[in-house]
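J.: So here's upload-v4.cif (mmCIF, C-alpha atoms (C1' of nucleotides)).
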```cif
data_protein
loop_
_atom_site.label_atom_id
_atom_site.label_comp_id
_atom_site.auth_asym_id
_atom_site.auth_seq_id
_atom_site.Cartn_x
_atom_site.Cartn_y
_atom_site.Cartn_z
CA MET W 14 13.14 10.36 -18.90
CA ARG W 15 15.57 8.65 -16.59
CA ILE W 16 18.27 6.19 -17.37
CA SER W 17 17.81 3.43 -14.79
CA THR W 18 20.37 2.34 -12.24
CA LYS W 19 20.85 -0.79 -14.30
CA GLY W 20 22.23 1.16 -17.21
CA ARG W 21 24.31 3.46 -15.05
CA TYR W 22 25.72 0.54 -13.08
CA ALA W 23 26.57 -1.25 -16.31
CA LEU W 24 28.70 1.69 -17.40
CA ARG W 25 30.44 1.97 -14.05
CA LEU W 26 30.99 -1.77 -14.06
CA LEU W 27 32.74 -1.68 -17.41
CA ILE W 28 34.72 1.40 -16.51
CA ASP W 29 35.84 -0.31 -13.32
CA ILE W 30 36.87 -3.43 -15.19
CA ALA W 31 38.70 -1.41 -17.80
CA ALA W 32 40.51 0.58 -15.14
CA ASN W 33 41.43 -2.41 -12.97
CA SER W 34 42.23 -5.24 -15.33
CA SER W 35 45.95 -5.68 -15.65
CA ASP W 36 45.52 -9.05 -17.38
CA LYS W 37 43.87 -10.91 -14.57
CA PRO W 38 40.10 -11.04 -14.58
CA VAL W 39 38.24 -8.61 -12.35
CA SER W 40 35.76 -10.19 -9.94
CA ILE W 41 32.26 -8.89 -9.27
CA LYS W 42 33.03 -8.90 -5.58
CA ASP W 43 35.85 -6.40 -6.08
CA VAL W 44 33.78 -4.17 -8.33
CA SER W 45 30.94 -4.31 -5.83
CA GLU W 46 33.21 -3.12 -3.04
CA ARG W 47 34.89 -0.38 -5.05
CA GLU W 48 31.66 0.94 -6.54
CA HIS W 49 29.32 0.31 -3.60
CA ILE W 50 26.83 -1.59 -5.72
CA SER W 51 25.05 -4.83 -4.72
CA ASP W 52 27.11 -7.75 -5.99
CA LYS W 53 24.02 -9.80 -6.80
CA TYR W 54 22.62 -6.99 -8.89
CA LEU W 55 25.94 -6.61 -10.68
CA GLU W 56 25.87 -10.33 -11.47
CA GLN W 57 22.59 -9.89 -13.30
CA ILE W 58 23.91 -6.93 -15.19
CA ILE W 59 27.16 -8.51 -16.24
CA SER W 60 25.37 -11.61 -17.47
CA ILE W 61 23.71 -9.38 -20.07
CA LEU W 62 27.09 -8.00 -21.09
CA ASN W 63 28.57 -11.49 -21.11
CA SER W 64 26.00 -12.99 -23.43
CA ALA W 65 26.25 -9.94 -25.65
CA GLY W 66 29.98 -10.52 -26.03
CA ILE W 67 31.12 -7.34 -24.32
CA VAL W 68 32.99 -9.23 -21.62
CA ARG W 69 34.09 -12.82 -21.16
CA SER W 70 34.05 -14.71 -17.90
CA VAL W 71 36.60 -16.83 -16.08
CA ARG W 72 35.17 -19.15 -13.47
CA GLY W 73 36.64 -20.36 -10.23
CA PRO W 74 38.98 -18.69 -7.75
CA GLN W 75 40.92 -15.77 -9.21
CA GLY W 76 38.18 -15.71 -11.83
CA GLY W 77 36.12 -12.76 -12.92
CA TYR W 78 35.55 -10.87 -16.09
CA LEU W 79 37.69 -9.44 -18.86
CA LEU W 80 36.72 -7.07 -21.61
CA ARG W 81 36.31 -8.91 -24.88
CA LYS W 82 36.59 -5.68 -26.87
CA LYS W 83 38.93 -2.76 -26.59
CA PRO W 84 37.60 0.05 -24.34
CA GLU W 85 37.67 2.41 -27.31
CA ASP W 86 35.38 0.05 -29.22
CA ILE W 87 32.69 -0.07 -26.54
CA THR W 88 30.33 2.87 -26.70
CA ALA W 89 27.96 4.07 -24.01
CA GLY W 90 25.16 3.66 -26.53
CA MET W 91 25.90 -0.03 -26.97
CA ILE W 92 25.82 -0.68 -23.25
CA LEU W 93 22.71 1.36 -22.56
CA ARG W 94 20.80 -0.22 -25.42
CA LEU W 95 21.68 -3.64 -24.00
CA THR W 96 20.71 -2.85 -20.43
CA GLU W 97 17.86 -0.39 -20.93
CA GLY W 98 16.34 -2.19 -23.88
CA THR W 99 16.22 1.02 -25.86
CA ILE W 100 17.35 4.59 -25.53
CA SER W 101 14.65 6.05 -27.73
CA PRO W 102 12.39 8.55 -25.96
CA VAL W 103 9.28 7.24 -27.75
CA PRO W 104 8.55 3.96 -29.54
CA CYS W 105 7.94 5.48 -32.96
CA ALA W 106 11.37 7.14 -33.04
CA GLU W 107 13.17 3.80 -32.93
CA GLU W 108 14.61 1.95 -35.87
CA ASP W 109 11.79 -0.29 -37.11
CA GLY W 110 9.56 1.22 -34.47
CA PRO W 111 5.81 0.68 -34.44
CA THR W 112 3.43 2.59 -36.62
CA CYS W 113 0.43 4.38 -35.24
CA ASP W 114 -3.17 3.22 -35.39
CA HIS W 115 -4.27 6.58 -36.71
CA MET W 116 -1.73 7.10 -39.43
CA SER W 117 -2.91 10.58 -40.26
CA VAL W 118 -0.88 13.65 -39.59
CA CYS W 119 1.55 13.55 -36.68
CA SER W 120 2.98 16.86 -35.56
CA THR W 121 5.36 15.43 -33.02
CA TYR W 122 7.06 12.68 -35.00
CA GLY W 123 9.77 15.01 -36.27
CA LEU W 124 10.54 16.24 -32.78
CA TRP W 125 10.98 12.71 -31.44
CA LYS W 126 13.22 11.79 -34.34
CA ARG W 127 15.45 14.77 -33.71
CA LEU W 128 15.53 14.09 -29.99
CA ASN W 129 16.42 10.47 -30.58
CA GLN W 130 19.19 11.53 -32.92
CA ALA W 131 20.63 14.01 -30.43
CA ILE W 132 20.70 11.37 -27.71
CA SER W 133 22.28 8.78 -29.98
CA ASP W 134 24.88 11.26 -31.14
CA VAL W 135 26.16 11.76 -27.62
CA LEU W 136 25.99 8.14 -26.50
CA ASP W 137 27.41 6.59 -29.65
CA THR W 138 30.44 8.87 -29.70
CA THR W 139 31.45 8.22 -26.10
CA THR W 140 33.46 5.11 -25.37
CA ILE W 141 34.54 3.33 -22.22
CA ALA W 142 38.07 4.49 -23.01
CA ASP W 143 36.85 8.10 -22.92
CA LEU W 144 35.15 7.54 -19.59
CA VAL W 145 38.03 5.78 -17.92
CA THR W 146 40.33 8.72 -18.44
CA GLN W 147 37.83 11.35 -17.42
CA LYS W 148 38.14 12.84 -14.00
CA PRO W 149 35.75 15.56 -12.93
CA GLU W 150 36.97 19.08 -12.34
CA ALA W 151 37.34 20.12 -8.73
CA GLY W 152 33.96 21.35 -7.59
CA ASP W 153 32.24 19.04 -10.04
CA GLU W 154 32.89 15.90 -8.07
CA TYR W 155 29.53 14.22 -8.03
CA CYS W 156 28.58 10.66 -8.61
CA ILE W 157 25.46 8.61 -9.17
CA MET L 30 14.46 6.47 -21.21
CA ARG L 31 10.89 7.04 -22.27
CA ILE L 32 8.88 10.19 -22.25
CA SER L 33 5.57 9.18 -20.69
CA THR L 34 2.19 9.44 -22.36
CA LYS L 35 1.44 12.34 -20.04
CA GLY L 36 4.15 14.45 -21.59
CA ARG L 37 3.36 13.40 -25.13
CA TYR L 38 -0.34 14.04 -24.62
CA ALA L 39 0.41 17.46 -23.18
CA LEU L 40 2.21 18.43 -26.37
CA ARG L 41 -0.55 17.11 -28.61
CA LEU L 42 -3.09 18.88 -26.45
CA LEU L 43 -1.40 22.22 -26.87
CA ILE L 44 -0.80 21.68 -30.56
CA ASP L 45 -4.48 20.85 -30.98
CA ILE L 46 -5.55 23.96 -29.09
CA ALA L 47 -3.16 26.13 -31.08
CA ALA L 48 -4.40 24.67 -34.35
CA ASN L 49 -8.10 24.89 -33.51
CA SER L 50 -8.56 28.06 -31.53
CA SER L 51 -10.00 30.77 -33.75
CA ASP L 52 -10.76 32.96 -30.74
CA LYS L 53 -13.26 30.71 -29.06
CA PRO L 54 -11.95 28.41 -26.36
CA VAL L 55 -11.26 24.80 -27.27
CA SER L 56 -12.99 22.22 -25.09
CA ILE L 57 -11.32 19.10 -23.72
CA LYS L 58 -14.15 17.04 -25.19
CA ASP L 59 -13.28 18.19 -28.70
CA VAL L 60 -9.56 17.59 -28.22
CA SER L 61 -10.31 14.16 -26.78
CA GLU L 62 -12.30 13.21 -29.86
CA ARG L 63 -9.83 14.60 -32.36
CA GLU L 64 -6.78 13.11 -30.64
CA HIS L 65 -8.33 9.89 -29.35
CA ILE L 66 -7.15 10.50 -25.80
CA SER L 67 -9.21 9.92 -22.63
CA ASP L 68 -10.94 13.19 -21.74
CA LYS L 69 -10.55 12.54 -18.03
CA TYR L 70 -6.83 12.08 -18.44
CA LEU L 71 -6.59 15.24 -20.54
CA GLU L 72 -8.37 17.12 -17.76
CA GLN L 73 -5.63 16.18 -15.34
CA ILE L 74 -2.95 17.19 -17.78
CA ILE L 75 -4.41 20.54 -18.68
CA SER L 76 -4.87 21.42 -15.04
CA ILE L 77 -1.08 21.34 -14.77
CA LEU L 78 -0.75 23.62 -17.77
CA ASN L 79 -3.47 25.88 -16.43
CA SER L 80 -1.89 26.46 -13.05
CA ALA L 81 1.46 26.96 -14.74
CA GLY L 82 -0.03 29.78 -16.81
CA ILE L 83 0.37 28.10 -20.19
CA VAL L 84 -3.37 28.15 -20.88
CA ARG L 85 -6.35 29.88 -19.34
CA SER L 86 -9.75 28.34 -18.84
CA VAL L 87 -13.29 29.49 -19.64
CA ARG L 88 -16.05 27.68 -17.76
CA GLY L 89 -19.56 26.85 -18.81
CA PRO L 90 -21.11 26.08 -22.20
CA GLN L 91 -18.90 27.04 -25.13
CA GLY L 92 -16.09 27.12 -22.61
CA GLY L 93 -12.72 25.47 -22.86
CA TYR L 94 -9.12 26.57 -22.94
CA LEU L 95 -7.12 29.25 -24.69
CA LEU L 96 -3.38 29.64 -24.91
CA ARG L 97 -2.15 32.31 -22.56
CA LYS L 98 1.14 32.62 -24.42
CA LYS L 99 1.93 32.77 -28.09
CA PRO L 100 2.64 29.35 -29.65
CA GLU L 101 6.13 30.51 -30.56
CA ASP L 102 6.81 31.30 -26.89
CA ILE L 103 5.88 27.84 -25.63
CA THR L 104 8.72 25.35 -25.96
CA ALA L 105 8.51 21.58 -25.81
CA GLY L 106 11.02 21.71 -22.98
CA MET L 107 8.72 23.89 -20.87
CA ILE L 108 5.80 21.52 -21.32
CA LEU L 109 7.76 18.34 -20.73
CA ARG L 110 9.43 19.72 -17.62
CA LEU L 111 5.99 20.58 -16.25
CA THR L 112 4.40 17.24 -17.00
CA GLU L 113 7.36 14.88 -16.59
CA GLY L 114 8.83 16.64 -13.59
CA THR L 115 12.26 16.69 -15.21
CA ILE L 116 13.83 15.81 -18.51
CA SER L 117 17.27 15.09 -17.10
CA PRO L 118 18.49 11.52 -17.71
CA VAL L 119 20.05 11.27 -14.25
CA PRO L 120 19.50 13.28 -11.05
CA CYS L 121 23.02 14.67 -10.81
CA ALA L 122 22.82 16.25 -14.29
CA GLU L 123 20.00 18.56 -13.25
CA GLU L 124 20.33 22.17 -12.26
CA ASP L 125 20.84 22.11 -8.48
CA GLY L 126 20.79 18.33 -8.62
CA PRO L 127 21.81 16.17 -5.69
CA THR L 128 25.38 15.45 -4.80
CA CYS L 129 26.67 11.96 -4.31
CA ASP L 130 27.40 10.24 -1.04
CA HIS L 131 30.81 9.22 -2.23
CA MET L 132 32.06 12.46 -3.68
CA SER L 133 35.22 10.98 -5.04
CA VAL L 134 35.93 10.57 -8.71
CA CYS L 135 32.97 10.15 -11.04
CA SER L 136 33.75 9.02 -14.56
CA THR L 137 30.23 9.34 -15.86
CA TYR L 138 29.25 12.79 -14.65
CA GLY L 139 30.57 14.47 -17.78
CA LEU L 140 28.65 12.10 -20.02
CA TRP L 141 25.37 12.81 -18.24
CA LYS L 142 25.95 16.52 -18.42
CA ARG L 143 26.55 16.37 -22.15
CA LEU L 144 23.53 14.13 -22.66
CA ASN L 145 21.36 16.45 -20.64
CA GLN L 146 22.58 19.39 -22.68
CA ALA L 147 21.87 17.66 -25.99
CA ILE L 148 18.33 16.82 -24.90
CA SER L 149 17.67 20.33 -23.64
CA ASP L 150 19.05 21.84 -26.83
CA VAL L 151 16.47 20.02 -28.93
CA LEU L 152 13.51 20.51 -26.62
CA ASP L 153 14.16 24.15 -25.76
CA THR L 154 14.49 25.22 -29.37
CA THR L 155 11.25 23.62 -30.54
CA THR L 156 8.05 25.56 -29.99
CA ILE L 157 4.37 24.76 -30.30
CA ALA L 158 4.35 27.06 -33.32
CA ASP L 159 6.98 24.87 -34.96
CA LEU L 160 5.01 21.73 -34.24
CA VAL L 161 1.66 23.07 -35.46
CA THR L 162 3.03 23.75 -38.90
CA GLN L 163 4.91 20.49 -39.21
CA LYS L 164 3.36 17.79 -41.31
CA PRO L 165 5.22 14.53 -41.80
CA GLU L 166 6.49 13.52 -45.19
CA ALA L 167 4.49 10.91 -47.04
CA GLY L 168 5.69 7.55 -45.85
CA ASP L 169 6.64 9.03 -42.50
CA GLU L 170 3.11 9.29 -41.22
CA TYR L 171 3.36 7.80 -37.78
CA CYS L 172 1.89 8.95 -34.57
CA ILE L 173 2.15 8.17 -30.90
"C1'" DC D 24 -34.55 30.00 -12.57
"C1'" DT D 25 -33.18 25.83 -14.07
"C1'" DC D 26 -30.92 22.76 -17.30
"C1'" DT D 27 -26.91 21.70 -19.62
"C1'" DT D 28 -22.28 22.20 -20.63
"C1'" DT D 29 -18.18 22.82 -19.30
"C1'" DT D 30 -14.15 23.10 -15.95
"C1'" DC D 31 -12.39 21.69 -11.41
"C1'" DC D 32 -11.00 18.53 -7.70
"C1'" DT D 33 -9.85 14.36 -5.40
"C1'" DA D 34 -9.62 9.64 -4.79
"C1'" DC D 35 -9.08 5.09 -6.47
"C1'" DT D 36 -7.43 1.13 -9.34
"C1'" DT D 37 -4.79 -1.60 -12.10
"C1'" DT D 38 -0.77 -2.84 -14.22
"C1'" DG D 39 3.86 -2.93 -14.80
"C1'" DT D 40 8.68 -1.79 -13.91
"C1'" DC D 41 12.59 -0.87 -10.91
"C1'" DA D 42 15.85 -2.36 -7.88
"C1'" DA D 43 17.14 -5.27 -5.75
"C1'" DT D 44 17.29 -9.91 -2.54
"C1'" DA D 45 17.44 -14.85 -2.05
"C1'" DT D 46 18.64 -19.43 -3.02
"C1'" DG D 47 21.17 -22.59 -4.88
"C1'" DA D 48 23.78 -24.98 -8.78
"C1'" DT D 49 28.05 -25.25 -11.40
"C1'" DT D 50 32.84 -24.62 -12.44
"C1'" DT D 51 37.63 -24.26 -11.31
"C1'" DT D 52 41.74 -23.49 -8.73
"C1'" DA D 53 44.57 -24.13 -4.45
"C1'" DT Z 4 37.88 -31.40 -1.02
"C1'" DA Z 5 37.07 -26.81 0.42
"C1'" DA Z 6 36.74 -22.26 -1.15
"C1'" DA Z 7 36.03 -18.82 -4.59
"C1'" DA Z 8 34.02 -17.47 -8.17
"C1'" DT Z 9 30.36 -17.46 -12.04
"C1'" DC Z 10 25.69 -18.93 -13.55
"C1'" DA Z 11 20.63 -19.25 -13.31
"C1'" DT Z 12 16.16 -18.41 -11.71
"C1'" DA Z 13 12.58 -16.93 -8.61
"C1'" DT Z 14 10.66 -13.72 -5.45
"C1'" DT Z 15 9.78 -9.36 -3.23
"C1'" DG Z 16 8.53 -4.58 -2.02
"C1'" DA Z 17 8.08 -0.10 -3.40
"C1'" DC Z 18 6.76 3.02 -6.61
"C1'" DA Z 19 5.02 5.20 -10.73
"C1'" DA Z 20 2.30 5.11 -15.01
"C1'" DA Z 21 -1.98 5.36 -17.10
"C1'" DG Z 22 -5.88 5.81 -16.64
"C1'" DT Z 23 -11.06 5.45 -14.28
"C1'" DA Z 24 -14.69 7.22 -11.33
"C1'" DG Z 25 -17.67 10.43 -9.11
"C1'" DG Z 26 -19.12 14.42 -8.19
"C1'" DA Z 27 -18.74 19.76 -7.08
"C1'" DA Z 28 -18.72 24.38 -8.95
"C1'" DA Z 29 -19.32 27.86 -12.51
"C1'" DA Z 30 -21.60 29.96 -16.34
"C1'" DG Z 31 -24.28 30.53 -20.37
"C1'" DA Z 32 -28.88 29.18 -22.98
"C1'" DG Z 33 -33.60 28.71 -22.76
#
```
What is this file in structure tokens?
T.:
Amino acid sequence: MRISTKGRYALRLLIDIAANSSDKPVSIKDVSEREHISDKYLEQIISILNSAGIVRSVRGPQGGYLLRKKPEDITAGMILRLTEGTISPVPCAEEDGPTCDHMSVCSTYGLWKRLNQAISDVLDTTTIADLVTQKPEAGDEYCI
Amino acid sequence: MRISTKGRYALRLLIDIAANSSDKPVSIKDVSEREHISDKYLEQIISILNSAGIVRSVRGPQGGYLLRKKPEDITAGMILRLTEGTISPVPCAEEDGPTCDHMSVCSTYGLWKRLNQAISDVLDTTTIADLVTQKPEAGDEYCI
DNA sequence: CTCTTTTCCTACTTTGTCAATATGATTTTA
DNA sequence: TAAAATCATATTGACAAAGTAGGAAAAGAG
């Protein structure tokens, strides 16, 4: 039940941009160096966010990316759904998810729905603005 | 962020045993036919549950498996941790999880901890007994 | 005592996804 | 016009998921 590096990097990427954009665009190269993430991989990730309208790009020297929305309007759920494809733990718990071939009684459907809801509740109420300002407590300083 | 078939099958397996064990053991063959799951795959799954002390086995004709615990004492979280390895969305959110190589500031650690907690809350408060008695509403009859 | 039914054990296969890496084209500013 | 950046696509290597396969061992039925 892991969130992939792609999704985690996407969050760190946006947090980094939010934290480091004065008004000039933030380049992938800079993010890559600050966050220790492959720049080529970040390029792939940000292209998803670009075409989804989360960021906008500026080409050429001194170019980079700027947030197209306010940090408080970008939720972790939005970003993870874009990069992970879905955050639902099972297909049938998704909105418009598939139905089963044996449509009889399903004992686990309710569990998956509740699990999906609990996950969405956390991710949809956390924004990039929340994450930018959060610093871990001393002794809790981990990072992935 | 999917729960694999292994984990989902493990739950259905236990629910099926709980629902169909009068006092005689329930055979994998019967579960396989009722649940439409490969019997060979179910064998692998139940061997995990057997060595973990969730079920006990009876060999030979009329053999099969019996729950070793009461259905209300077996949580979904227990079963999924056994079969999935972990239910944490990221390594650093686990109990005794790894620390990061750059132990500086991590903006996302708090999010992962809260997500992990929300997931655990749902899975650790749902038991096999709960699932056995649950029937979906009409119109909600899906199954994976 | 032997046949059948079951669990038990281990290895293999196939398919797909993850996590990048690689290569180069395009745009824009200095 | 050279450099710095984004943009686009293809390829790779490692790993796990989801079974399949084949048989060994135990135990009850006849």
J.: Give me, as a list in words, the contact residues of chain Z against chain W at a cut-off of 8 Å, counting only C-alpha atoms (C1' of nucleotides).
T.: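 Matching residues, ligands excluded from the count: DA6, DA7, DA8 and DT9 of chain Z.
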J.: Specify as a PyMOL selection string each residue included when the PyMOL selection byres ((chain D and resi 42) around 12) is applied to this file.
T.: (chain W and resi 17-20+22+50-51+53-55+57-58) or (chain D and resi 40-41+43-44) or (chain Z and resi 15-18)
J.: Using all atoms listed in the file, can you tell me which of L:Val60, L:Leu111, L:Ala47, L:Val151 comes closest to chain W?
T.: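 Counting all atoms listed in the file, the residue closest to chain W is L:Val151.
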J.: Between D:DT50, D:DT30, D:DT36, D:DT25, single out the one closest to chain L, counting all atoms listed in the file.
T.: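 Closest residue, counting all atoms listed in the file: D:DT30.
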J.: Would you give me, as a Markdown table, each residue of chain D having an atom within 10 Å of an atom of chain L, along with its shortest atom pair and that distance in Å to one decimal, using all atoms listed in the file and sorting by chain and residue number?
T.:
```
| residue | atom | partner | partner_atom | distance |
| --- | --- | --- | --- | --- |
| D:DT27 | C1' | L:Pro90 | CA | 7.7 |
| D:DT28 | C1' | L:Pro90 | CA | 4.3 |
| D:DT29 | C1' | L:Gly89 | CA | 4.3 |
| D:DT30 | C1' | L:Arg88 | CA | 5.3 |
| D:DC31 | C1' | L:Ser76 | CA | 8.4 |
| D:DC32 | C1' | L:Gln73 | CA | 9.6 |
```
J.: Pick from W:Leu93, W:Val103, W:Gln130, W:Ile61: nearest to chain L, with all atoms listed in the file counted?
T.: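 Using all atoms listed in the file, the shortest distance to chain L belongs to W:Val103.
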J.: Using only C-alpha atoms (C1' of nucleotides) and a cutoff of 12 Å, can you tell me which residues are near (12.0, 15.8, -15.3) in the file's coordinates, and write them out as a PDB file with C-alpha atoms, in the frame of the given file?
T.:
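Result file is result03.pdb:
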```
ATOM      1  CA  MET W  14      13.140  10.360 -18.900  1.00  0.00           C
ATOM      2  CA  ARG W  15      15.570   8.650 -16.590  1.00  0.00           C
ATOM      3  CA  ILE W  16      18.270   6.190 -17.370  1.00  0.00           C
TER       4      ILE W  16
ATOM      5  CA  MET L  30      14.460   6.470 -21.210  1.00  0.00           C
ATOM      6  CA  ARG L  31      10.890   7.040 -22.270  1.00  0.00           C
ATOM      7  CA  ILE L  32       8.880  10.190 -22.250  1.00  0.00           C
ATOM      8  CA  SER L  33       5.570   9.180 -20.690  1.00  0.00           C
ATOM      9  CA  GLY L  36       4.150  14.450 -21.590  1.00  0.00           C
ATOM     10  CA  GLY L 106      11.020  21.710 -22.980  1.00  0.00           C
ATOM     11  CA  MET L 107       8.720  23.890 -20.870  1.00  0.00           C
ATOM     12  CA  ILE L 108       5.800  21.520 -21.320  1.00  0.00           C
ATOM     13  CA  LEU L 109       7.760  18.340 -20.730  1.00  0.00           C
ATOM     14  CA  ARG L 110       9.430  19.720 -17.620  1.00  0.00           C
ATOM     15  CA  LEU L 111       5.990  20.580 -16.250  1.00  0.00           C
ATOM     16  CA  THR L 112       4.400  17.240 -17.000  1.00  0.00           C
ATOM     17  CA  GLU L 113       7.360  14.880 -16.590  1.00  0.00           C
ATOM     18  CA  GLY L 114       8.830  16.640 -13.590  1.00  0.00           C
ATOM     19  CA  THR L 115      12.260  16.690 -15.210  1.00  0.00           C
ATOM     20  CA  ILE L 116      13.830  15.810 -18.510  1.00  0.00           C
ATOM     21  CA  SER L 117      17.270  15.090 -17.100  1.00  0.00           C
ATOM     22  CA  PRO L 118      18.490  11.520 -17.710  1.00  0.00           C
ATOM     23  CA  VAL L 119      20.050  11.270 -14.250  1.00  0.00           C
ATOM     24  CA  PRO L 120      19.500  13.280 -11.050  1.00  0.00           C
ATOM     25  CA  CYS L 121      23.020  14.670 -10.810  1.00  0.00           C
ATOM     26  CA  ALA L 122      22.820  16.250 -14.290  1.00  0.00           C
ATOM     27  CA  GLU L 123      20.000  18.560 -13.250  1.00  0.00           C
ATOM     28  CA  GLU L 124      20.330  22.170 -12.260  1.00  0.00           C
ATOM     29  CA  GLY L 126      20.790  18.330  -8.620  1.00  0.00           C
ATOM     30  CA  ASN L 145      21.360  16.450 -20.640  1.00  0.00           C
ATOM     31  CA  ILE L 148      18.330  16.820 -24.900  1.00  0.00           C
ATOM     32  CA  SER L 149      17.670  20.330 -23.640  1.00  0.00           C
TER      33      SER L 149
END
```
J.: Rounded to one decimal, what separation in Å do you get between atom C1' of DC10 of chain Z and atom CA of Ile59 of chain W?
T.: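 Computing it gives 10.9 Å between the two atoms.
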